[in-house]
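Peer 1: Could you have a look at this structure, given as C-alpha cells, before my questions?
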Amino acid sequence: MARLFHLCLCIGCLAGTLGTTALAQQAVYSMEAAAVNSVPLPDGPITHVNARPGDVLTLDVFLRDWSPGGDHLNAYQMQLEPMDFRSGSAGSIKPVDYDAKRERGEMNLDNCLVNQNDPRWLFAGKQTITIIDTRSAGYRWMSVLVDTSDARACEQDGVKHYAGTVHMAVSDDALGTFTIGFMEDPSASLLLDERGVGITPLAFETLTVEILPDVLSVIDALNGAEEAPVVRGDVDGDGKLAHEDARKAIDMLNGKGGEPAP
C-alpha cells in the first residue's frame with residue numbers, strides 16, 4: 001500500500017521537481033488530428049486539419065525525444081488548455097459532451113482516454129497506474145509505471161509515441177482558425193524519471209484547425225431559411241449575403257485558395 005501511495009505521489013507532486021539536463025534535443029508533446037467524423041485521415045496524424053461546423057475530431061497526443069540526457073521515463077502527465085476551446089473567430093471546439101458532463105458533474109471517459117492496446121503507446125506491455133481526469137476544465141491524462149525498472153529511454157530519433165486521445169466537437173457556429181494545445185505550466189504538463197525528477201526541457205506542438213465554409217448553410221441562408229446561421233454565410237466578409245459568398249465557398253472547398261473572413 002505504501003508503494004502504491006508513493007507511485008501516486010509521483011504524479012501528484014510534480015511541480016518543483018524539474019531536472020536540469022537540457023541538450024540540443026528536447027522532449028516534445030504534440031497534439032495531432034487522427035480522424036474526422038471517425039474517418040481516419042489519409043496522411044494522419046497531422047498538426048493542421050480542415051474541419052466544418054458539426055464535425056467531430058479524434059485528436060491524439062504524442063510524445064517524442066524525452067531522453068536528451070539519457071533520461072528514463074517513468075511517469076507522464078499532460079493537460080488540455082481550456083482557453084483554446086474558443087481560440088477561433090466564433091464558436092468553439094470542445095471535448096464531445098463537455099458542457100453536459102460538467103453540468104451534471106459526470107466523468108467523460110468515452111471522449112478522453114488512453115488506449116492501452118495501441119501498439120504505439122509509450123508504456124505498451126508494462127503495468128501502469130493510468131488516470132484520466134475529466135472533472136478539471138482542462139482534461140488531463142496521467143500514467144506512471146508500477147515498476148521503476150521498466151522506465152524507458154527514447155532513441156532521440158523523432159519517432160512519436162502515443163500518450164492519449166480526446167474526441168472534440170466543432171460547434172455549429174464555429175468560424176476561423178482554432179489552436180488546440182496544452183497547459184504548459186510545469187504543474188500541468190510534465191515528465192518524470194524513475195527517481196521522480198522532472199525531465200526537461202519540455203516543448204509543445206499545438207494543433208491548428210481551420211474551419212471551412214459550410215456551403216449548404218450558405219445556400220440555405222441565401223434561400224431565406226430562418227434556421228440557417230447567417231453569420232456563416234458571409235464568406236467574403238463584406239457584411240452581407242450574396243451569391244458571391246456561395247461561389248467563394250465552393251472555390252475554397254475546391255482548393256482554389258482564399259481564406260474565410262473572420
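For the C-alpha cells, the naming scheme is as follows: chains receive sequential letters (A, B, ...) according to their order of presentation, residues are indexed from 1 within each chain, and ligands are indexed from 1 in presentation order.
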List the neighbours of Leu73 in chain A out to 12 Å using only C-alpha atoms; skip same-chain residues closer than 4 positions along the sequence, and give me the result as a PDB file with C-alpha atoms, in the first residue's frame.

Peer 2:
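Output (part.pdb):
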```pdb
ATOM      1  CA  ALA A  27      11.123  16.185 -25.225  1.00  0.00           C
ATOM      2  CA  LEU A  63       5.484  12.299 -27.009  1.00  0.00           C
ATOM      3  CA  ARG A  64       8.935  12.069 -28.562  1.00  0.00           C
ATOM      4  CA  ASP A  65      12.641  12.566 -27.784  1.00  0.00           C
ATOM      5  CA  TRP A  66      12.357  12.501 -23.995  1.00  0.00           C
ATOM      6  CA  SER A  67      15.918  11.277 -23.314  1.00  0.00           C
ATOM      7  CA  PRO A  68      18.148  14.251 -24.193  1.00  0.00           C
ATOM      8  CA  GLY A  69      20.412  13.350 -21.285  1.00  0.00           C
ATOM      9  CA  GLN A  77       1.087  13.988 -17.421  1.00  0.00           C
ATOM     10  CA  LEU A 122       4.784   4.634 -24.870  1.00  0.00           C
ATOM     11  CA  PHE A 123       4.166   2.242 -21.930  1.00  0.00           C
ATOM     12  CA  SER A 143       0.240   7.457 -16.238  1.00  0.00           C
ATOM     13  CA  VAL A 144       3.011   6.038 -14.052  1.00  0.00           C
ATOM     14  CA  LEU A 145       4.860   2.730 -14.275  1.00  0.00           C
ATOM     15  CA  ASP A 147       7.892  -0.938 -11.533  1.00  0.00           C
ATOM     16  CA  THR A 148      10.505   1.800 -11.883  1.00  0.00           C
ATOM     17  CA  SER A 149      12.864  -0.696 -13.520  1.00  0.00           C
ATOM     18  CA  ASP A 150      10.533  -0.525 -16.541  1.00  0.00           C
ATOM     19  CA  ALA A 151      11.304   3.172 -17.041  1.00  0.00           C
ATOM     20  CA  ARG A 152      12.269   3.565 -20.672  1.00  0.00           C
ATOM     21  CA  ALA A 153      14.701   5.702 -22.589  1.00  0.00           C
ATOM     22  CA  CYS A 154      13.998   7.172 -26.026  1.00  0.00           C
ATOM     23  CA  LEU A 190       5.403  17.250 -17.434  1.00  0.00           C
ATOM     24  CA  LEU A 191       7.572  14.142 -17.411  1.00  0.00           C
ATOM     25  CA  LEU A 192       9.259  12.292 -14.531  1.00  0.00           C
ATOM     26  CA  ASP A 193      12.153   9.855 -14.475  1.00  0.00           C
ATOM     27  CA  GLU A 194      12.463   6.791 -12.219  1.00  0.00           C
ATOM     28  CA  ARG A 195      13.661   8.984  -9.324  1.00  0.00           C
ATOM     29  CA  GLY A 196      10.668  11.317  -9.564  1.00  0.00           C
ATOM     30  CA  VAL A 197      12.821  14.050 -11.072  1.00  0.00           C
ATOM     31  CA  GLY A 198      11.452  16.118 -13.949  1.00  0.00           C
ATOM     32  CA  ILE A 199      12.779  15.552 -17.474  1.00  0.00           C
ATOM     33  CA  THR A 200      13.443  18.930 -19.054  1.00  0.00           C
TER      34      THR A 200
END
```

Peer 1: Considering only C-alpha atoms, give me a table of residues in range 159-180 of chain A that are at most 10 Å from range 94-116 of chain A, with the closest atom pair and distance in Å for each, as JSON lines.

Peer 2:
```
{"residue": "A:Tyr162", "atom": "CA", "partner": "A:Val114", "partner_atom": "CA", "distance": 8.7}
{"residue": "A:Ala163", "atom": "CA", "partner": "A:Val114", "partner_atom": "CA", "distance": 6.6}
{"residue": "A:Gly164", "atom": "CA", "partner": "A:Val114", "partner_atom": "CA", "distance": 4.5}
{"residue": "A:Thr165", "atom": "CA", "partner": "A:Leu113", "partner_atom": "CA", "distance": 5.4}
{"residue": "A:Val166", "atom": "CA", "partner": "A:Cys112", "partner_atom": "CA", "distance": 4.4}
{"residue": "A:His167", "atom": "CA", "partner": "A:Asn111", "partner_atom": "CA", "distance": 5.0}
{"residue": "A:Met168", "atom": "CA", "partner": "A:Pro95", "partner_atom": "CA", "distance": 3.9}
{"residue": "A:Ala169", "atom": "CA", "partner": "A:Val96", "partner_atom": "CA", "distance": 5.2}
{"residue": "A:Val170", "atom": "CA", "partner": "A:Lys94", "partner_atom": "CA", "distance": 6.9}
{"residue": "A:Ser171", "atom": "CA", "partner": "A:Lys94", "partner_atom": "CA", "distance": 8.0}
{"residue": "A:Ile180", "atom": "CA", "partner": "A:Lys94", "partner_atom": "CA", "distance": 9.5}
```

Peer 1: So that I have them on file, write out the residues from the current selection with all heavy atoms, as a PDB file, in the first residue's frame.

Peer 2:
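Full text of part11.pdb as output:
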```pdb
ATOM      1  N   TYR A 162       2.524   7.268 -28.703  1.00  0.00           N
ATOM      2  CA  TYR A 162       1.163   7.620 -28.310  1.00  0.00           C
ATOM      3  C   TYR A 162       1.033   7.794 -26.797  1.00  0.00           C
ATOM      4  O   TYR A 162       1.572   7.015 -26.017  1.00  0.00           O
ATOM      5  CB  TYR A 162       0.218   6.529 -28.799  1.00  0.00           C
ATOM      6  CG  TYR A 162      -1.193   6.608 -28.264  1.00  0.00           C
ATOM      7  CD1 TYR A 162      -2.122   7.484 -28.816  1.00  0.00           C
ATOM      8  CD2 TYR A 162      -1.591   5.800 -27.201  1.00  0.00           C
ATOM      9  CE1 TYR A 162      -3.415   7.555 -28.318  1.00  0.00           C
ATOM     10  CE2 TYR A 162      -2.884   5.857 -26.703  1.00  0.00           C
ATOM     11  CZ  TYR A 162      -3.797   6.737 -27.260  1.00  0.00           C
ATOM     12  OH  TYR A 162      -5.064   6.807 -26.765  1.00  0.00           O
ATOM     13  N   ALA A 163       0.272   8.843 -26.388  1.00  0.00           N
ATOM     14  CA  ALA A 163       0.092   9.098 -24.961  1.00  0.00           C
ATOM     15  C   ALA A 163      -1.361   9.269 -24.547  1.00  0.00           C
ATOM     16  O   ALA A 163      -1.673   9.126 -23.361  1.00  0.00           O
ATOM     17  CB  ALA A 163       0.871  10.353 -24.554  1.00  0.00           C
ATOM     18  N   GLY A 164      -2.283   9.590 -25.475  1.00  0.00           N
ATOM     19  CA  GLY A 164      -3.681   9.779 -25.093  1.00  0.00           C
ATOM     20  C   GLY A 164      -4.532  10.244 -26.257  1.00  0.00           C
ATOM     21  O   GLY A 164      -4.011  10.612 -27.318  1.00  0.00           O
ATOM     22  N   THR A 165      -5.856  10.224 -26.058  1.00  0.00           N
ATOM     23  CA  THR A 165      -6.823  10.587 -27.103  1.00  0.00           C
ATOM     24  C   THR A 165      -7.937  11.437 -26.506  1.00  0.00           C
ATOM     25  O   THR A 165      -8.354  11.220 -25.365  1.00  0.00           O
ATOM     26  CB  THR A 165      -7.449   9.315 -27.730  1.00  0.00           C
ATOM     27  OG1 THR A 165      -6.427   8.563 -28.393  1.00  0.00           O
ATOM     28  CG2 THR A 165      -8.543   9.675 -28.736  1.00  0.00           C
ATOM     29  N   VAL A 166      -8.421  12.394 -27.296  1.00  0.00           N
ATOM     30  CA  VAL A 166      -9.612  13.151 -26.930  1.00  0.00           C
ATOM     31  C   VAL A 166     -10.452  13.360 -28.186  1.00  0.00           C
ATOM     32  O   VAL A 166      -9.916  13.616 -29.267  1.00  0.00           O
ATOM     33  CB  VAL A 166      -9.256  14.510 -26.278  1.00  0.00           C
ATOM     34  CG1 VAL A 166      -8.443  15.404 -27.212  1.00  0.00           C
ATOM     35  CG2 VAL A 166     -10.505  15.227 -25.791  1.00  0.00           C
ATOM     36  N   HIS A 167     -11.773  13.176 -28.049  1.00  0.00           N
ATOM     37  CA  HIS A 167     -12.707  13.438 -29.144  1.00  0.00           C
ATOM     38  C   HIS A 167     -13.310  14.816 -28.926  1.00  0.00           C
ATOM     39  O   HIS A 167     -13.885  15.090 -27.866  1.00  0.00           O
ATOM     40  CB  HIS A 167     -13.804  12.376 -29.170  1.00  0.00           C
ATOM     41  CG  HIS A 167     -13.306  10.976 -29.327  1.00  0.00           C
ATOM     42  ND1 HIS A 167     -12.668  10.535 -30.467  1.00  0.00           N
ATOM     43  CD2 HIS A 167     -13.329   9.919 -28.480  1.00  0.00           C
ATOM     44  CE1 HIS A 167     -12.331   9.263 -30.325  1.00  0.00           C
ATOM     45  NE2 HIS A 167     -12.716   8.873 -29.125  1.00  0.00           N
ATOM     46  N   MET A 168     -13.193  15.678 -29.938  1.00  0.00           N
ATOM     47  CA  MET A 168     -13.634  17.059 -29.788  1.00  0.00           C
ATOM     48  C   MET A 168     -14.642  17.424 -30.871  1.00  0.00           C
ATOM     49  O   MET A 168     -14.492  17.026 -32.032  1.00  0.00           O
ATOM     50  CB  MET A 168     -12.448  18.020 -29.806  1.00  0.00           C
ATOM     51  CG  MET A 168     -11.426  17.720 -28.719  1.00  0.00           C
ATOM     52  SD  MET A 168     -10.190  19.012 -28.474  1.00  0.00           S
ATOM     53  CE  MET A 168     -11.144  20.271 -27.631  1.00  0.00           C
ATOM     54  N   ALA A 169     -15.666  18.189 -30.468  1.00  0.00           N
ATOM     55  CA  ALA A 169     -16.755  18.560 -31.371  1.00  0.00           C
ATOM     56  C   ALA A 169     -16.614  20.015 -31.795  1.00  0.00           C
ATOM     57  O   ALA A 169     -16.402  20.904 -30.964  1.00  0.00           O
ATOM     58  CB  ALA A 169     -18.102  18.351 -30.681  1.00  0.00           C
ATOM     59  N   VAL A 170     -16.747  20.245 -33.109  1.00  0.00           N
ATOM     60  CA  VAL A 170     -16.755  21.602 -33.662  1.00  0.00           C
ATOM     61  C   VAL A 170     -18.187  22.126 -33.562  1.00  0.00           C
ATOM     62  O   VAL A 170     -19.119  21.504 -34.063  1.00  0.00           O
ATOM     63  CB  VAL A 170     -16.287  21.598 -35.128  1.00  0.00           C
ATOM     64  CG1 VAL A 170     -16.245  23.020 -35.683  1.00  0.00           C
ATOM     65  CG2 VAL A 170     -14.916  20.924 -35.257  1.00  0.00           C
ATOM     66  N   SER A 171     -18.370  23.260 -32.924  1.00  0.00           N
ATOM     67  CA  SER A 171     -19.721  23.793 -32.747  1.00  0.00           C
ATOM     68  C   SER A 171     -20.311  24.240 -34.080  1.00  0.00           C
ATOM     69  O   SER A 171     -19.584  24.524 -35.045  1.00  0.00           O
ATOM     70  CB  SER A 171     -19.713  24.966 -31.772  1.00  0.00           C
ATOM     71  OG  SER A 171     -19.059  26.091 -32.326  1.00  0.00           O
ATOM     72  N   ILE A 180      -5.451  24.243 -30.771  1.00  0.00           N
ATOM     73  CA  ILE A 180      -5.736  23.348 -29.653  1.00  0.00           C
ATOM     74  C   ILE A 180      -4.411  22.807 -29.113  1.00  0.00           C
ATOM     75  O   ILE A 180      -3.634  22.190 -29.845  1.00  0.00           O
ATOM     76  CB  ILE A 180      -6.644  22.172 -30.085  1.00  0.00           C
ATOM     77  CG1 ILE A 180      -7.918  22.691 -30.762  1.00  0.00           C
ATOM     78  CG2 ILE A 180      -6.973  21.301 -28.882  1.00  0.00           C
ATOM     79  CD1 ILE A 180      -8.802  23.532 -29.875  1.00  0.00           C
TER      80      ILE A 180
END
```

Peer 1: May I ask which of the residues A:Phe178, A:Phe62, A:Trp121, A:Tyr139 is the closest one to Ser89 in chain A, counting only C-alpha atoms?

Peer 2: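 Among the listed residues, A:Phe178 lies closest to Ser89 in chain A.
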
Peer 1: Between CA of Thr208 in chain A and CA of Ile46 in chain A, what distance in Å does the model show, to one decimal?

Peer 2: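 Between CA of Thr208 in chain A and CA of Ile46 in chain A the gap is 9.3 Å.
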
Peer 1: For the atom pair CA of Gln127 in chain A and CA of Ser189 in chain A, what is the interatomic distance in Å to one decimal place?

Peer 2: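 According to the coordinates, CA of Gln127 in chain A and CA of Ser189 in chain A are separated by 21.6 Å.
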
Peer 1: Can you tell me, as a list in words, what residues are no more than 6 Å from Ser92 in chain A when counting only C-alpha atoms, ignoring any on the same chain fewer than 6 positions away?

Peer 2: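 Result of the neighbour search: Phe85, Arg86, Ser171 and Ala174 of chain A.
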
Peer 1: Only N, CA, C and O atoms, please: the residues just picked out, written as a PDB file, in the first residue's frame.

Peer 2:
```
ATOM      1  N   PHE A  85     -10.283  26.276 -26.400  1.00  0.00           N
ATOM      2  CA  PHE A  85     -11.565  25.805 -26.923  1.00  0.00           C
ATOM      3  C   PHE A  85     -12.291  26.901 -27.705  1.00  0.00           C
ATOM      4  O   PHE A  85     -13.103  26.604 -28.587  1.00  0.00           O
ATOM      5  N   ARG A  86     -12.008  28.163 -27.391  1.00  0.00           N
ATOM      6  CA  ARG A  86     -12.652  29.291 -28.067  1.00  0.00           C
ATOM      7  C   ARG A  86     -11.621  30.190 -28.750  1.00  0.00           C
ATOM      8  O   ARG A  86     -11.774  31.411 -28.812  1.00  0.00           O
ATOM      9  N   SER A 171     -18.370  23.260 -32.924  1.00  0.00           N
ATOM     10  CA  SER A 171     -19.721  23.793 -32.747  1.00  0.00           C
ATOM     11  C   SER A 171     -20.311  24.240 -34.080  1.00  0.00           C
ATOM     12  O   SER A 171     -19.584  24.524 -35.045  1.00  0.00           O
ATOM     13  N   ALA A 174     -19.023  27.609 -35.369  1.00  0.00           N
ATOM     14  CA  ALA A 174     -17.571  27.810 -35.383  1.00  0.00           C
ATOM     15  C   ALA A 174     -17.123  28.552 -36.640  1.00  0.00           C
ATOM     16  O   ALA A 174     -17.597  28.277 -37.749  1.00  0.00           O
TER      17      ALA A 174
END
```

Peer 1: Enumerate, as a tab-separated table (two decimals) with all heavy atoms, in the first residue's frame, the complete set of residues in range 78-124 of chain A that a backbone-based DSSP assignment places in alpha helix (DSSP H).

Peer 2:
```
chain	number	residue	atom	x	y	z
A	98	TYR	N	-18.84	17.93	-23.49
A	98	TYR	CA	-18.10	18.66	-22.46
A	98	TYR	C	-19.03	19.42	-21.51
A	98	TYR	O	-18.98	19.23	-20.30
A	98	TYR	CB	-17.13	19.63	-23.14
A	98	TYR	CG	-16.28	20.47	-22.21
A	98	TYR	CD1	-15.12	19.95	-21.65
A	98	TYR	CD2	-16.63	21.79	-21.91
A	98	TYR	CE1	-14.32	20.73	-20.82
A	98	TYR	CE2	-15.84	22.56	-21.08
A	98	TYR	CZ	-14.69	22.03	-20.54
A	98	TYR	OH	-13.91	22.80	-19.71
A	99	ASP	N	-19.89	20.27	-22.06
A	99	ASP	CA	-20.75	21.10	-21.21
A	99	ASP	C	-21.75	20.26	-20.43
A	99	ASP	O	-21.96	20.48	-19.22
A	99	ASP	CB	-21.48	22.14	-22.06
A	99	ASP	CG	-20.54	23.20	-22.61
A	99	ASP	OD1	-19.52	23.49	-21.96
A	99	ASP	OD2	-20.80	23.73	-23.71
A	100	ALA	N	-22.37	19.28	-21.10
A	100	ALA	CA	-23.38	18.46	-20.43
A	100	ALA	C	-22.78	17.66	-19.27
A	100	ALA	O	-23.37	17.57	-18.19
A	100	ALA	CB	-24.04	17.52	-21.44
A	101	LYS	N	-21.61	17.09	-19.49
A	101	LYS	CA	-20.97	16.29	-18.44
A	101	LYS	C	-20.57	17.17	-17.25
A	101	LYS	O	-20.72	16.77	-16.09
A	101	LYS	CB	-19.75	15.57	-18.99
A	101	LYS	CG	-20.07	14.49	-20.01
A	101	LYS	CD	-20.75	13.29	-19.37
A	101	LYS	CE	-20.88	12.15	-20.36
A	101	LYS	NZ	-21.54	10.96	-19.76
A	102	ARG	N	-20.07	18.37	-17.53
A	102	ARG	CA	-19.65	19.25	-16.44
A	102	ARG	C	-20.86	19.74	-15.64
A	102	ARG	O	-20.80	19.85	-14.42
A	102	ARG	CB	-18.85	20.43	-16.99
A	102	ARG	CG	-17.44	20.03	-17.41
A	102	ARG	CD	-16.62	21.20	-17.90
A	102	ARG	NE	-16.43	22.22	-16.90
A	102	ARG	CZ	-15.58	22.15	-15.88
A	102	ARG	NH1	-14.84	21.07	-15.72
A	102	ARG	NH2	-15.46	23.15	-15.02
A	103	GLU	N	-21.97	20.02	-16.34
A	103	GLU	CA	-23.18	20.46	-15.64
A	103	GLU	C	-23.71	19.38	-14.70
A	103	GLU	O	-24.21	19.69	-13.61
A	103	GLU	CB	-24.26	20.85	-16.66
A	103	GLU	CG	-23.98	22.15	-17.39
A	103	GLU	CD	-25.01	22.44	-18.45
A	103	GLU	OE1	-26.00	21.67	-18.56
A	103	GLU	OE2	-24.84	23.43	-19.19
A	104	ARG	N	-23.57	18.12	-15.12
A	104	ARG	CA	-24.07	17.02	-14.30
A	104	ARG	C	-23.01	16.47	-13.34
A	104	ARG	O	-23.29	15.56	-12.56
A	104	ARG	CB	-24.58	15.88	-15.19
A	104	ARG	CG	-25.79	16.25	-16.03
A	104	ARG	CD	-26.45	15.02	-16.61
A	104	ARG	NE	-25.60	14.34	-17.58
A	104	ARG	CZ	-25.66	14.53	-18.90
A	104	ARG	NH1	-26.54	15.39	-19.40
A	104	ARG	NH2	-24.87	13.86	-19.71
```

Peer 1: Mind pulling up the distance from CA of Val49 in chain A to CA of Gln156 in chain A?

Peer 2: 26.6 Å
